[in-house]
Structures are given as C-alpha cells and as structure tokens.
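Okay, final_18.csv now, which holds CSV, C-alpha atoms and all ligand atoms:
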chain,number,residue,atom,x,y,z
A,167,MET,CA,109.9,83.3,77.2
A,168,THR,CA,106.1,83.3,77.6
A,169,ASP,CA,104.3,84.1,80.8
A,170,LYS,CA,103.4,80.4,81.0
A,171,ASP,CA,107.0,79.2,80.8
A,172,TYR,CA,108.0,81.9,83.2
A,173,SER,CA,105.5,80.8,85.9
A,174,LYS,CA,107.1,77.3,85.8
A,175,THR,CA,110.6,78.5,86.3
A,176,SER,CA,109.7,81.1,88.9
A,177,LYS,CA,108.3,78.4,91.2
A,178,LYS,CA,111.8,76.9,91.1
A,179,SER,CA,113.3,80.3,92.1
A,180,VAL,CA,111.1,80.5,95.1
A,181,HIS,CA,112.6,77.3,96.4
A,182,VAL,CA,116.1,78.6,95.7
A,183,TYR,CA,115.5,81.7,97.7
A,184,ASP,CA,113.9,79.9,100.6
A,185,ALA,CA,117.1,77.8,100.9
A,186,ASN,CA,119.3,80.9,100.7
A,187,LEU,CA,117.3,82.7,103.4
A,188,ALA,CA,117.9,79.8,105.7
A,189,ASP,CA,121.6,80.3,105.0
A,190,GLY,CA,121.2,84.0,105.9
A,191,SER,CA,122.5,85.0,102.5
A,192,ASP,CA,122.3,88.5,101.2
A,193,LEU,CA,119.0,89.7,99.7
A,194,ARG,CA,120.3,92.3,97.3
A,195,GLY,CA,122.9,89.8,96.0
A,196,PHE,CA,120.1,87.3,95.3
A,197,PHE,CA,118.1,89.7,93.2
A,198,GLU,CA,121.2,91.1,91.4
A,199,SER,CA,122.7,87.7,90.4
A,200,ASN,CA,119.5,86.0,89.4
A,201,SER,CA,118.4,87.1,86.0
A,202,LEU,CA,115.1,85.1,86.1
A,203,VAL,CA,113.7,87.1,89.0
A,204,THR,CA,113.8,90.3,87.0
A,205,ALA,CA,111.5,89.0,84.2
A,206,THR,CA,109.1,91.7,83.2
A,207,GLY,CA,107.4,93.2,80.2
A,208,PHE,CA,105.5,96.1,78.8
A,209,PHE,CA,101.8,95.8,79.7
A,210,ARG,CA,102.5,92.4,81.1
A,211,LEU,CA,99.5,91.8,83.4
A,212,THR,CA,96.3,92.6,81.5
A,213,GLU,CA,94.2,92.7,84.6
A,214,LEU,CA,96.4,95.4,86.1
A,215,TYR,CA,96.0,97.9,83.2
A,216,THR,CA,92.3,97.0,82.6
A,217,GLY,CA,91.4,97.6,86.3
A,218,LEU,CA,93.5,100.8,86.4
A,219,THR,CA,91.9,102.4,83.4
A,220,SER,CA,88.4,101.1,83.8
A,221,THR,CA,87.9,101.9,87.5
A,222,ILE,CA,90.8,102.6,89.8
A,223,PHE,CA,92.2,105.8,88.4
A,224,THR,CA,88.8,107.5,88.1
A,225,THR,CA,87.7,106.4,91.6
A,226,LEU,CA,90.9,107.7,93.1
A,227,HIS,CA,90.5,111.0,91.2
A,228,ASN,CA,87.0,111.4,92.5
A,229,ASP,CA,88.2,110.8,96.1
A,230,MET,CA,91.0,113.2,96.0
A,231,LYS,CA,91.3,117.0,96.5
A,232,LYS,CA,91.4,119.0,93.3
A,233,ASP,CA,95.0,119.6,91.9
A,234,LYS,CA,96.6,117.1,94.2
A,235,VAL,CA,99.2,114.9,92.3
A,236,LEU,CA,98.1,111.2,92.3
A,237,GLN,CA,101.1,109.3,93.5
A,238,ILE,CA,101.8,105.8,92.2
A,239,LEU,CA,104.4,103.3,93.4
A,240,SER,CA,105.8,100.4,91.2
A,241,ALA,CA,107.3,98.3,94.0
A,242,GLY,CA,109.8,95.9,92.5
A,243,CYS,CA,109.8,97.6,89.1
A,244,SER,CA,112.6,95.6,87.5
A,245,ASP,CA,113.9,97.5,84.4
A,246,GLY,CA,111.0,100.0,84.5
A,247,ARG,CA,108.7,98.5,81.8
A,248,GLU,CA,105.9,98.3,84.3
A,249,ALA,CA,106.2,101.9,85.5
A,250,TYR,CA,106.3,103.2,82.0
A,251,SER,CA,103.3,101.1,81.0
A,252,VAL,CA,101.4,102.6,83.9
A,253,ALA,CA,102.3,106.1,82.8
A,254,MET,CA,101.4,105.5,79.2
A,255,SER,CA,98.0,103.9,80.0
A,256,LEU,CA,97.1,106.8,82.3
A,257,LYS,CA,98.3,109.5,80.0
A,258,LYS,CA,96.1,108.1,77.3
A,259,LEU,CA,93.1,107.8,79.7
A,260,VAL,CA,93.6,111.4,81.0
A,261,GLU,CA,93.7,112.7,77.4
A,262,LYS,CA,90.7,110.7,76.2
A,263,SER,CA,88.4,111.3,79.2
A,264,GLN,CA,89.8,114.8,79.9
A,265,ILE,CA,90.2,114.1,83.6
A,266,SER,CA,92.2,116.9,85.1
A,267,ARG,CA,94.4,115.0,87.4
A,268,PRO,CA,98.3,115.2,87.4
A,269,PHE,CA,100.0,111.9,88.4
A,270,ALA,CA,103.5,110.7,89.0
A,271,VAL,CA,105.1,107.2,89.2
A,272,THR,CA,107.9,106.2,91.6
A,273,ALA,CA,109.7,103.0,90.5
A,274,VAL,CA,111.7,101.2,93.1
A,275,ASP,CA,113.8,98.1,92.8
A,276,ILE,CA,116.6,96.5,95.0
A,277,ASN,CA,118.6,95.7,91.8
A,278,LYS,CA,120.7,98.7,90.9
A,279,ASN,CA,121.4,97.5,87.3
A,280,MET,CA,117.6,97.4,86.6
A,281,ILE,CA,117.2,100.9,87.9
A,282,GLN,CA,119.9,102.1,85.6
A,283,ILE,CA,118.1,100.6,82.6
A,284,GLY,CA,114.9,102.2,83.8
A,285,ARG,CA,116.5,105.6,84.0
A,286,LYS,CA,117.8,105.2,80.4
A,287,GLY,CA,114.4,104.2,79.1
A,288,GLN,CA,115.8,102.2,76.2
A,289,TYR,CA,114.7,98.6,75.5
A,290,ARG,CA,115.1,95.8,73.1
A,291,LEU,CA,111.5,94.8,72.7
A,292,ARG,CA,110.7,91.1,72.7
A,293,ARG,CA,108.4,89.8,69.9
A,294,ASP,CA,105.7,89.1,72.4
A,295,GLU,CA,105.7,92.7,73.5
A,296,LEU,CA,105.2,94.2,70.1
A,297,SER,CA,101.4,93.5,70.0
A,298,LYS,CA,101.1,94.7,73.6
A,299,ILE,CA,102.5,98.2,72.8
A,300,ASP,CA,100.6,98.5,69.5
A,301,GLU,CA,98.2,101.1,70.7
A,302,TYR,CA,101.0,103.0,72.6
A,303,GLN,CA,103.4,103.4,69.6
A,304,GLU,CA,103.2,107.2,69.9
A,305,PHE,CA,105.2,107.0,73.2
A,306,PHE,CA,108.2,105.2,71.7
A,307,ASP,CA,110.9,106.0,69.3
A,308,ILE,CA,111.4,102.7,67.6
A,309,LYS,CA,114.7,102.1,65.8
A,310,GLU,CA,116.1,99.0,64.0
A,311,GLU,CA,115.9,95.6,65.5
A,312,ARG,CA,113.0,96.5,67.9
A,313,LEU,CA,115.3,98.9,69.8
A,314,ALA,CA,112.9,101.3,71.4
A,315,SER,CA,113.3,104.5,73.5
A,316,VAL,CA,110.5,105.8,75.7
A,317,LYS,CA,109.8,109.4,74.8
A,318,PRO,CA,110.5,112.2,77.3
A,319,ASP,CA,106.8,113.1,77.8
A,320,ILE,CA,106.6,109.6,79.5
A,321,THR,CA,110.1,109.3,81.1
A,322,ARG,CA,109.6,112.6,82.9
A,323,MET,CA,106.6,111.1,84.8
A,324,VAL,CA,108.7,108.3,86.3
A,325,THR,CA,111.3,108.6,89.1
A,326,PHE,CA,113.6,105.6,89.7
A,327,LYS,CA,115.0,104.7,93.1
A,328,SER,CA,117.1,101.7,94.2
A,329,ALA,CA,115.9,100.5,97.5
A,330,ASP,CA,114.7,97.5,99.5
A,331,ILE,CA,110.9,97.9,99.9
A,332,MET,CA,111.1,95.8,103.1
A,333,GLN,CA,112.9,98.7,104.9
A,334,PRO,CA,110.3,100.8,106.6
A,335,GLY,CA,110.3,104.6,106.2
A,336,ILE,CA,112.1,104.7,102.8
A,337,LEU,CA,109.0,105.4,100.8
A,338,LYS,CA,106.6,108.4,101.0
A,339,TYR,CA,102.9,108.2,100.7
A,340,PHE,CA,101.1,106.8,97.7
A,341,ASP,CA,97.5,106.6,96.4
A,342,LEU,CA,98.2,103.4,94.5
A,343,ILE,CA,100.9,100.8,95.2
A,344,ILE,CA,101.6,98.1,92.6
A,345,CYS,CA,103.5,95.1,93.8
A,346,ALA,CA,103.3,92.5,90.9
A,347,ASN,CA,105.2,89.3,90.5
A,348,LEU,CA,107.4,90.0,93.6
A,349,LEU,CA,105.9,88.2,96.6
A,350,LEU,CA,106.3,84.8,94.9
A,351,TYR,CA,110.0,84.9,95.6
A,352,TYR,CA,109.5,85.1,99.4
A,353,LYS,CA,108.2,82.7,102.0
A,354,LYS,CA,105.0,83.5,103.8
A,355,GLU,CA,106.4,85.4,106.8
A,356,ILE,CA,108.4,87.7,104.5
A,357,ARG,CA,105.4,88.2,102.2
A,358,VAL,CA,103.4,89.4,105.2
A,359,LYS,CA,106.3,91.7,106.3
A,360,ILE,CA,106.4,93.3,102.8
A,361,LEU,CA,102.7,93.8,102.7
A,362,ASN,CA,102.7,95.5,106.1
A,363,THR,CA,105.6,97.8,105.1
A,364,LEU,CA,103.9,98.8,101.9
A,365,LEU,CA,100.6,99.5,103.8
A,366,GLN,CA,102.5,102.0,105.9
A,367,SER,CA,103.0,104.0,102.8
A,368,LEU,CA,99.5,103.8,101.4
A,369,ASN,CA,97.2,106.7,101.8
A,370,LYS,CA,93.9,106.2,103.6
A,371,HIS,CA,91.8,106.2,100.4
A,372,GLY,CA,94.4,104.3,98.4
A,373,TYR,CA,94.5,101.0,96.6
A,374,ILE,CA,97.1,98.3,96.5
A,375,PHE,CA,97.6,95.8,93.7
A,376,ILE,CA,99.4,92.8,95.1
A,377,GLU,CA,99.6,89.1,94.4
A,378,GLY,CA,100.7,86.2,96.6
A,379,LEU,CA,98.6,86.3,99.7
A,380,GLY,CA,95.2,84.6,99.8
A,381,SER,CA,91.8,86.3,100.1
A,382,ARG,CA,91.2,85.1,103.6
A,383,TYR,CA,94.5,86.5,104.8
A,384,MET,CA,93.9,89.8,103.1
A,385,LYS,CA,90.4,90.1,104.7
A,386,ASN,CA,91.8,89.3,108.1
A,387,VAL,CA,94.2,92.2,107.9
A,388,GLY,CA,91.4,94.5,106.8
A,389,LEU,CA,91.9,94.5,103.0
A,390,GLU,CA,88.9,94.1,100.7
A,391,ARG,CA,89.2,92.9,97.1
A,392,ILE,CA,87.8,95.5,94.8
A,393,LEU,CA,87.2,94.0,91.4
A,394,PRO,CA,86.1,90.3,91.3
A,395,GLY,CA,89.0,88.0,90.5
A,396,SER,CA,91.5,90.9,90.5
A,397,HIS,CA,94.4,91.7,92.8
A,398,PHE,CA,93.3,95.3,93.6
A,399,PHE,CA,92.6,95.8,97.3
A,400,LYS,CA,91.4,98.6,99.5
A,401,ARG,CA,91.3,99.0,103.3
A,402,LEU,CA,87.9,98.0,104.7
A,403,MET,CA,86.1,101.0,106.1
A,404,THR,CA,85.8,101.0,109.9
A,405,GLU,CA,83.4,103.2,111.8
B,1,LIG,C1,109.8,89.4,88.5
B,1,LIG,S1,110.2,91.1,88.7
B,1,LIG,C2,108.7,91.9,88.5
B,1,LIG,C3,108.8,93.2,87.8
B,1,LIG,C4,107.4,93.8,87.5
B,1,LIG,N1,106.8,94.2,88.8
B,1,LIG,C5,106.5,93.0,86.7
B,1,LIG,O1,105.5,92.5,87.3
B,1,LIG,O2,106.8,92.8,85.5
B,1,LIG,C6,110.5,91.2,90.5
B,1,LIG,C7,111.4,92.4,90.8
B,1,LIG,O3,111.3,92.6,92.2
B,1,LIG,C8,112.5,93.1,92.7
B,1,LIG,N2,112.5,92.9,94.2
B,1,LIG,C9,112.5,91.7,94.9
B,1,LIG,N3,112.5,92.0,96.2
B,1,LIG,C10,112.6,93.3,96.4
B,1,LIG,C11,112.8,94.2,97.5
B,1,LIG,N4,112.8,93.7,98.7
B,1,LIG,N5,112.9,95.5,97.3
B,1,LIG,C12,112.8,96.0,96.0
B,1,LIG,N6,112.7,95.2,94.9
B,1,LIG,C13,112.6,93.9,95.1
B,1,LIG,C14,113.5,92.2,92.0
B,1,LIG,O4,114.8,92.8,92.0
B,1,LIG,C15,112.9,92.1,90.6
B,1,LIG,O5,113.4,93.1,89.7

Can you present the structure in this file as structure tokens?
Ligand SMILES: C[S@@+](CC[C@H](N)C(=O)[O-])C[C@H]1O[C@@H](n2cnc3c(N)ncnc32)[C@H](O)[C@@H]1O
Amino acid sequence: MTDKDYSKTSKKSVHVYDANLADGSDLRGFFESNSLVTATGFFRLTELYTGLTSTIFTTLHNDMKKDKVLQILSAGCSDGREAYSVAMSLKKLVEKSQISRPFAVTAVDINKNMIQIGRKGQYRLRRDELSKIDEYQEFFDIKEERLASVKPDITRMVTFKSADIMQPGILKYFDLIICANLLLYYKKEIRVKILNTLLQSLNKHGYIFIEGLGSRYMKNVGLERILPGSHFFKRLMTE
C-alpha cells in the first residue's frame, strides 16, 4: 500500500476510533485488532530523517554535556521499523561526521504483537521499502524473498517496551521524541493529552517531532516549529 492510499484509509480509521471512544471501548484492544493502524515502513517519512541528520542531531549534540547518551523515543513505534531507521541514519551520520556522541533509542507501542516483532528485528520488506533502504544495506542480512534481519550493531541500540504513552510517568527523559502517524487516530482532546504527557518526558533542550496539532495550537502551548514546513518543535525560550 502506498502512503497516498494509506492516508485515505487512515482517515476512515479515525472515525472508527472516535465512535469506539464514545462507547468507552478498550484502547489496547483497538490498536491490537486493527491491522491498518500499525502501518509503518523503513525510512517512511523523508522529512523526519532529513531533519534529523541535517540539523537536529548536531544541534542536540552541541547543546549536551560531553559523553552524555542522547536519548531518543519512538512513541507508537509499531513493529520497530521507525526506531531501527532512526538508529541506522544516526549511526551513519556519526561515522561520517565523526561526532563523538553515544545515542540510544527506546521504542514504545501499546500493541504487544508489534513489540515482539520489533525485538526480533526480522522483516519481510515491501517492494516500496527496497529503494528506501538502498544506502543502508550494510545494516541488514537480506535472505530470499526480501526477508531481512536487522544486524546486531543496530538492534542493540534499540530497547522495546509495550506501554500506553498516554499514561504519565511510564517514560523517562528524552532529548528527542518522535510521535509520527499516531495522533491522527485520536480526537482533539486526546491528541492534546498525549502531547502534554510526552512533553513531561522531554528534556529542556529537547525536540519533539509530532504531527496532528496545528501551528497555532503548538505556539499557544509554547512550542516553536524548528524547520520551515517540518514537524520538529522546540520549547519557546522564556526569560
Ligand atoms: C500508524 S502506526 C505508526 C508507526 C510509526 N510511528 C510510523 O510512523 O511509521 C501507529 C502506532 O501507534 C500505536 N499507538 C497508538 N496509540 C498508542 C498509545 N496510546 N500508546 C502507545 N502506542 C500507541 C499503534 O499501536 C500503532 O502501532
């Protein structure tokens, strides 16, 4: 399924979930029984990886104390493709630019089945993913029929956890939080609740990549868009 097709179907899912919420039905059950809502892909959102490798990682590195581990959260990671893509793109950047900065990725999803796949790190690559992973081949063992295992030098950078990101206090502190293709499944009040909960886990100098709340709302709650047209935000500096 292409991203374009997916965006059509996902709109439908939002309506399904709104209706379920009104019934008070179970959140975990919704995400575990609905295969559409786990749609993901290696290097899915170009703007995420471009922003991360062109600006965000280096800026964070410069703002942080020497030797501190840069902590990244993939919130709503589905089967782990996003978390591994982040680790691969940053490993390449660190090697190329010789930035001396250790980093770690925590990948969280409410769907336990997806977390199990992530821990295993083995995927049947879709045809549309093959070109996206082209420059990252070194991080995969690719067997027949596009069956690919992520190599241990990448899997060891990612820790998986099954949890509901709406529950406060379950996450530690992060320098970068990525929450992509998730808020669209929730109505506005819950989107706001999720953003507030995630912000409680964001370090002062940190960035959040998040879609689904308008610029005006983000500004009102003290978040400033970093790169024009992108979904990277930072807290506005106050005196
Ligand atoms: C469409 S996938 C997006 C995956 C990945 N972020 C990406 O952009 O490719 C949305 C994921 O968010 C997860 N999710 C939704 N609500 C969640 C919650 N409250 N806590 C944790 N995970 C959640 C779903 O289980 C699903 O796997």

Long-range neighbours of range 274-289 of chain A as a PyMOL selection string, 10 Å cut-off, all atoms listed in the file, 3 positions minimum in chain: chain A and resi 193-199+204+239-250+271+292+306-308+312-318+320-322+324-332+337

Only C-alpha atoms, please: the residues just picked out, written as a short mmCIF file (atom, residue, chain, number, x, y, z; two decimals), keeping the file's coordinate frame.
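Result file is out-v5.cif:
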data_model
loop_
_atom_site.label_atom_id
_atom_site.label_comp_id
_atom_site.auth_asym_id
_atom_site.auth_seq_id
_atom_site.Cartn_x
_atom_site.Cartn_y
_atom_site.Cartn_z
CA LEU A 193 119.00 89.70 99.70
CA ARG A 194 120.30 92.30 97.30
CA GLY A 195 122.90 89.80 96.00
CA PHE A 196 120.10 87.30 95.30
CA PHE A 197 118.10 89.70 93.20
CA GLU A 198 121.20 91.10 91.40
CA SER A 199 122.70 87.70 90.40
CA THR A 204 113.80 90.30 87.00
CA LEU A 239 104.40 103.30 93.40
CA SER A 240 105.80 100.40 91.20
CA ALA A 241 107.30 98.30 94.00
CA GLY A 242 109.80 95.90 92.50
CA CYS A 243 109.80 97.60 89.10
CA SER A 244 112.60 95.60 87.50
CA ASP A 245 113.90 97.50 84.40
CA GLY A 246 111.00 100.00 84.50
CA ARG A 247 108.70 98.50 81.80
CA GLU A 248 105.90 98.30 84.30
CA ALA A 249 106.20 101.90 85.50
CA TYR A 250 106.30 103.20 82.00
CA VAL A 271 105.10 107.20 89.20
CA ARG A 292 110.70 91.10 72.70
CA PHE A 306 108.20 105.20 71.70
CA ASP A 307 110.90 106.00 69.30
CA ILE A 308 111.40 102.70 67.60
CA ARG A 312 113.00 96.50 67.90
CA LEU A 313 115.30 98.90 69.80
CA ALA A 314 112.90 101.30 71.40
CA SER A 315 113.30 104.50 73.50
CA VAL A 316 110.50 105.80 75.70
CA LYS A 317 109.80 109.40 74.80
CA PRO A 318 110.50 112.20 77.30
CA ILE A 320 106.60 109.60 79.50
CA THR A 321 110.10 109.30 81.10
CA ARG A 322 109.60 112.60 82.90
CA VAL A 324 108.70 108.30 86.30
CA THR A 325 111.30 108.60 89.10
CA PHE A 326 113.60 105.60 89.70
CA LYS A 327 115.00 104.70 93.10
CA SER A 328 117.10 101.70 94.20
CA ALA A 329 115.90 100.50 97.50
CA ASP A 330 114.70 97.50 99.50
CA ILE A 331 110.90 97.90 99.90
CA MET A 332 111.10 95.80 103.10
CA LEU A 337 109.00 105.40 100.80
#

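With only C-alpha atoms and all ligand atoms as the atoms that count, the minimum distance from ligand LIG 1 (chain B) to the choices A:Ser266, A:Asn347, A:Thr272, A:Gln303 is reached by A:Asn347.
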
Which is closest to Asp300 in chain A among A:Met254, A:Ile336, A:Leu236, A:Leu202, if we use only C-alpha atoms?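 Of the candidates, the smallest distance to Asp300 in chain A is held by A:Met254.
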
Counting all atoms listed in the file, figure out which residue out of A:Val203, A:Ala346, A:Val235, A:Leu226 gets nearest to Tyr373 in chain A. A:Leu226

Return the single residue from A:Met230, A:Ile392, A:Leu349, A:Leu379 that is closest to ligand LIG 1 (chain B), with distances computed using only C-alpha atoms and all ligand atoms.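 Looking only at the distances to ligand LIG 1 (chain B), the closest residue turns out to be A:Leu349.
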
By how many Å are CA of Lys400 in chain A and CA of His371 in chain A apart?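 Taking CA of Lys400 in chain A and CA of His371 in chain A, their separation equals 7.7 Å.
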
Atom-to-atom span, CA of Tyr302 in chain A and atom N5 of ligand LIG 1 (chain B), Å: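 Between CA of Tyr302 in chain A and atom N5 of ligand LIG 1 (chain B) the gap is 28.4 Å.
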
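Among the candidates A:Leu296, A:Leu211, A:Leu259, A:Leu291, the one nearest to ligand LIG 1 (chain B) when counting only C-alpha atoms and all ligand atoms is A:Leu211.
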
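For the residues A:Tyr383, A:Phe375, A:Phe399, A:Phe340, ranking by smallest atom-to-atom distance to ligand LIG 1 (chain B) using all atoms listed in the file places A:Phe375 first.
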
So how far away is CA of Pro394 in chain A from CA of Glu213 in chain A, in Å?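 Spanning CA of Glu213 in chain A to CA of Pro394 in chain A is a straight-line distance of 10.8 Å.
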